[in-house]
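> One structure follows; several queries about it will come next.
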Amino acid sequence: MSAFTADGDRVLSVHTVAIRFGVSDRTVRLWAEKGRLPGFKDGPKIWRFRATDVEAVRARLMTRRRDMADQGEEPGDDS
């Protein structure tokens, strides 16, 4: 498995993505299965992720958290 896609984008493992988000490997797999984090399968059980996709999701989450903090809401507060 190459660490880069054909167009030169870096490819990340589940564990690397988990570290970047501060979550478990299992959470990253669940996000991928539910379509919350774009990824692709490299075999029957192995997920891989483009670094640009991971950073886009991370930026979106940071923006959402910042907006919620500005409004005085807590993350996960659905009221």
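FYI, nothing fancy with the structure tokens labels: chains A, B, ... in order, residues from 1 per chain, ligands from 1 as they appear.
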Which polymer residues have any atom within 12 Å of an atom of Thr52 (chain A), counting only C-alpha atoms, with same-chain residues fewer than 6 positions away left out, as a PyMOL selection string?

chain A and resi 4-5+7-12+17+37-39+58-59

> Give the alpha helix (DSSP H) residues of region 21-78 of chain A, as DSSP finds them on the backbone, and put them as a PyMOL selection string.

chain A and resi 21+25-34+51-70

> Keeping only N, CA and C atoms, write the selected residues to a file as a PDB file, in the first residue's frame.


ATOM      1  N   PHE A  21      -7.859  13.227  15.768  1.00  0.00           N
ATOM      2  CA  PHE A  21      -9.143  13.672  16.314  1.00  0.00           C
ATOM      3  C   PHE A  21      -9.245  13.498  17.827  1.00  0.00           C
ATOM      4  N   ASP A  25      -9.820   4.291  17.720  1.00  0.00           N
ATOM      5  CA  ASP A  25      -9.837   3.708  16.370  1.00  0.00           C
ATOM      6  C   ASP A  25     -11.254   3.279  15.999  1.00  0.00           C
ATOM      7  N   ARG A  26     -11.959   2.722  16.964  1.00  0.00           N
ATOM      8  CA  ARG A  26     -13.335   2.255  16.722  1.00  0.00           C
ATOM      9  C   ARG A  26     -14.247   3.411  16.293  1.00  0.00           C
ATOM     10  N   THR A  27     -14.079   4.560  16.922  1.00  0.00           N
ATOM     11  CA  THR A  27     -14.885   5.732  16.563  1.00  0.00           C
ATOM     12  C   THR A  27     -14.619   6.141  15.120  1.00  0.00           C
ATOM     13  N   VAL A  28     -13.361   6.125  14.711  1.00  0.00           N
ATOM     14  CA  VAL A  28     -13.017   6.486  13.333  1.00  0.00           C
ATOM     15  C   VAL A  28     -13.684   5.517  12.357  1.00  0.00           C
ATOM     16  N   ARG A  29     -13.640   4.221  12.664  1.00  0.00           N
ATOM     17  CA  ARG A  29     -14.297   3.235  11.786  1.00  0.00           C
ATOM     18  C   ARG A  29     -15.805   3.466  11.718  1.00  0.00           C
ATOM     19  N   LEU A  30     -16.413   3.772  12.844  1.00  0.00           N
ATOM     20  CA  LEU A  30     -17.859   4.040  12.862  1.00  0.00           C
ATOM     21  C   LEU A  30     -18.192   5.281  12.044  1.00  0.00           C
ATOM     22  N   TRP A  31     -17.408   6.336  12.190  1.00  0.00           N
ATOM     23  CA  TRP A  31     -17.627   7.548  11.393  1.00  0.00           C
ATOM     24  C   TRP A  31     -17.527   7.233   9.901  1.00  0.00           C
ATOM     25  N   ALA A  32     -16.556   6.402   9.527  1.00  0.00           N
ATOM     26  CA  ALA A  32     -16.377   6.043   8.115  1.00  0.00           C
ATOM     27  C   ALA A  32     -17.568   5.221   7.616  1.00  0.00           C
ATOM     28  N   GLU A  33     -18.002   4.251   8.422  1.00  0.00           N
ATOM     29  CA  GLU A  33     -19.137   3.407   8.025  1.00  0.00           C
ATOM     30  C   GLU A  33     -20.414   4.221   7.873  1.00  0.00           C
ATOM     31  N   LYS A  34     -20.588   5.250   8.711  1.00  0.00           N
ATOM     32  CA  LYS A  34     -21.794   6.086   8.660  1.00  0.00           C
ATOM     33  C   LYS A  34     -21.686   7.236   7.664  1.00  0.00           C
ATOM     34  N   ALA A  51      -5.626  12.550   3.538  1.00  0.00           N
ATOM     35  CA  ALA A  51      -5.295  13.586   4.519  1.00  0.00           C
ATOM     36  C   ALA A  51      -6.139  14.845   4.298  1.00  0.00           C
ATOM     37  N   THR A  52      -6.397  15.207   3.053  1.00  0.00           N
ATOM     38  CA  THR A  52      -7.184  16.416   2.781  1.00  0.00           C
ATOM     39  C   THR A  52      -8.626  16.259   3.268  1.00  0.00           C
ATOM     40  N   ASP A  53      -9.198  15.053   3.144  1.00  0.00           N
ATOM     41  CA  ASP A  53     -10.549  14.806   3.644  1.00  0.00           C
ATOM     42  C   ASP A  53     -10.591  14.898   5.168  1.00  0.00           C
ATOM     43  N   VAL A  54      -9.572  14.332   5.810  1.00  0.00           N
ATOM     44  CA  VAL A  54      -9.502  14.350   7.272  1.00  0.00           C
ATOM     45  C   VAL A  54      -9.399  15.794   7.768  1.00  0.00           C
ATOM     46  N   GLU A  55      -8.549  16.575   7.144  1.00  0.00           N
ATOM     47  CA  GLU A  55      -8.381  17.966   7.573  1.00  0.00           C
ATOM     48  C   GLU A  55      -9.644  18.788   7.316  1.00  0.00           C
ATOM     49  N   ALA A  56     -10.365  18.493   6.238  1.00  0.00           N
ATOM     50  CA  ALA A  56     -11.618  19.205   5.961  1.00  0.00           C
ATOM     51  C   ALA A  56     -12.660  18.909   7.038  1.00  0.00           C
ATOM     52  N   VAL A  57     -12.779  17.656   7.433  1.00  0.00           N
ATOM     53  CA  VAL A  57     -13.726  17.280   8.486  1.00  0.00           C
ATOM     54  C   VAL A  57     -13.302  17.903   9.803  1.00  0.00           C
ATOM     55  N   ARG A  58     -12.017  17.870  10.085  1.00  0.00           N
ATOM     56  CA  ARG A  58     -11.513  18.459  11.334  1.00  0.00           C
ATOM     57  C   ARG A  58     -11.800  19.961  11.387  1.00  0.00           C
ATOM     58  N   ALA A  59     -11.582  20.655  10.285  1.00  0.00           N
ATOM     59  CA  ALA A  59     -11.866  22.090  10.227  1.00  0.00           C
ATOM     60  C   ALA A  59     -13.359  22.360  10.430  1.00  0.00           C
ATOM     61  N   ARG A  60     -14.198  21.523   9.816  1.00  0.00           N
ATOM     62  CA  ARG A  60     -15.649  21.682   9.961  1.00  0.00           C
ATOM     63  C   ARG A  60     -16.069  21.480  11.413  1.00  0.00           C
ATOM     64  N   LEU A  61     -15.498  20.481  12.078  1.00  0.00           N
ATOM     65  CA  LEU A  61     -15.817  20.232  13.488  1.00  0.00           C
ATOM     66  C   LEU A  61     -15.352  21.383  14.376  1.00  0.00           C
ATOM     67  N   MET A  62     -14.168  21.912  14.099  1.00  0.00           N
ATOM     68  CA  MET A  62     -13.653  23.031  14.889  1.00  0.00           C
ATOM     69  C   MET A  62     -14.528  24.266  14.715  1.00  0.00           C
ATOM     70  N   THR A  63     -14.997  24.504  13.503  1.00  0.00           N
ATOM     71  CA  THR A  63     -15.884  25.637  13.252  1.00  0.00           C
ATOM     72  C   THR A  63     -17.189  25.463  14.002  1.00  0.00           C
ATOM     73  N   ARG A  64     -17.744  24.248  13.967  1.00  0.00           N
ATOM     74  CA  ARG A  64     -18.994  23.970  14.670  1.00  0.00           C
ATOM     75  C   ARG A  64     -18.829  24.177  16.174  1.00  0.00           C
ATOM     76  N   ARG A  65     -17.735  23.678  16.727  1.00  0.00           N
ATOM     77  CA  ARG A  65     -17.482  23.841  18.168  1.00  0.00           C
ATOM     78  C   ARG A  65     -17.320  25.308  18.535  1.00  0.00           C
ATOM     79  N   ARG A  66     -16.611  26.060  17.695  1.00  0.00           N
ATOM     80  CA  ARG A  66     -16.413  27.486  17.956  1.00  0.00           C
ATOM     81  C   ARG A  66     -17.748  28.226  17.907  1.00  0.00           C
ATOM     82  N   ASP A  67     -18.579  27.907  16.917  1.00  0.00           N
ATOM     83  CA  ASP A  67     -19.893  28.539  16.803  1.00  0.00           C
ATOM     84  C   ASP A  67     -20.766  28.221  18.010  1.00  0.00           C
ATOM     85  N   MET A  68     -20.717  26.970  18.456  1.00  0.00           N
ATOM     86  CA  MET A  68     -21.510  26.573  19.623  1.00  0.00           C
ATOM     87  C   MET A  68     -21.020  27.288  20.877  1.00  0.00           C
ATOM     88  N   ALA A  69     -19.706  27.434  21.015  1.00  0.00           N
ATOM     89  CA  ALA A  69     -19.152  28.133  22.177  1.00  0.00           C
ATOM     90  C   ALA A  69     -19.561  29.598  22.153  1.00  0.00           C
ATOM     91  N   ASP A  70     -19.592  30.203  20.974  1.00  0.00           N
ATOM     92  CA  ASP A  70     -20.007  31.607  20.842  1.00  0.00           C
ATOM     93  C   ASP A  70     -21.466  31.795  21.243  1.00  0.00           C
TER      94      ASP A  70
END

> Could you pull out the residues in chain A that DSSP calls strand (DSSP E or B) from the backbone, as a PyMOL selection string?

chain A and resi 4+10-13+40-41+47-50

> Write to file, as a JSON list (two decimals), in the first residue's frame, the residues of the selection just made, with C-alpha atoms.


[["chain", "number", "residue", "atom", "x", "y", "z"],
["A", 4, "PHE", "CA", 0.00, 8.47, -1.31],
["A", 10, "ARG", "CA", -1.26, 11.45, 1.57],
["A", 11, "VAL", "CA", -3.16, 8.36, 2.80],
["A", 12, "LEU", "CA", -3.72, 7.91, 6.54],
["A", 13, "SER", "CA", -4.54, 4.84, 8.63],
["A", 40, "PHE", "CA", -12.07, 3.94, 1.34],
["A", 41, "LYS", "CA", -11.57, 0.26, 2.06],
["A", 47, "TRP", "CA", -10.04, 1.68, 6.15],
["A", 48, "ARG", "CA", -7.80, 4.40, 4.67],
["A", 49, "PHE", "CA", -8.35, 8.14, 4.55],
["A", 50, "ARG", "CA", -7.08, 10.99, 2.39]]

> Could you tell me how far CA of Gly22 (chain A) lies from CA of Ile46 (chain A), in Å and to one decimal?

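Computed distance, CA of Gly22 (chain A) to CA of Ile46 (chain A), equals 19.6 Å.
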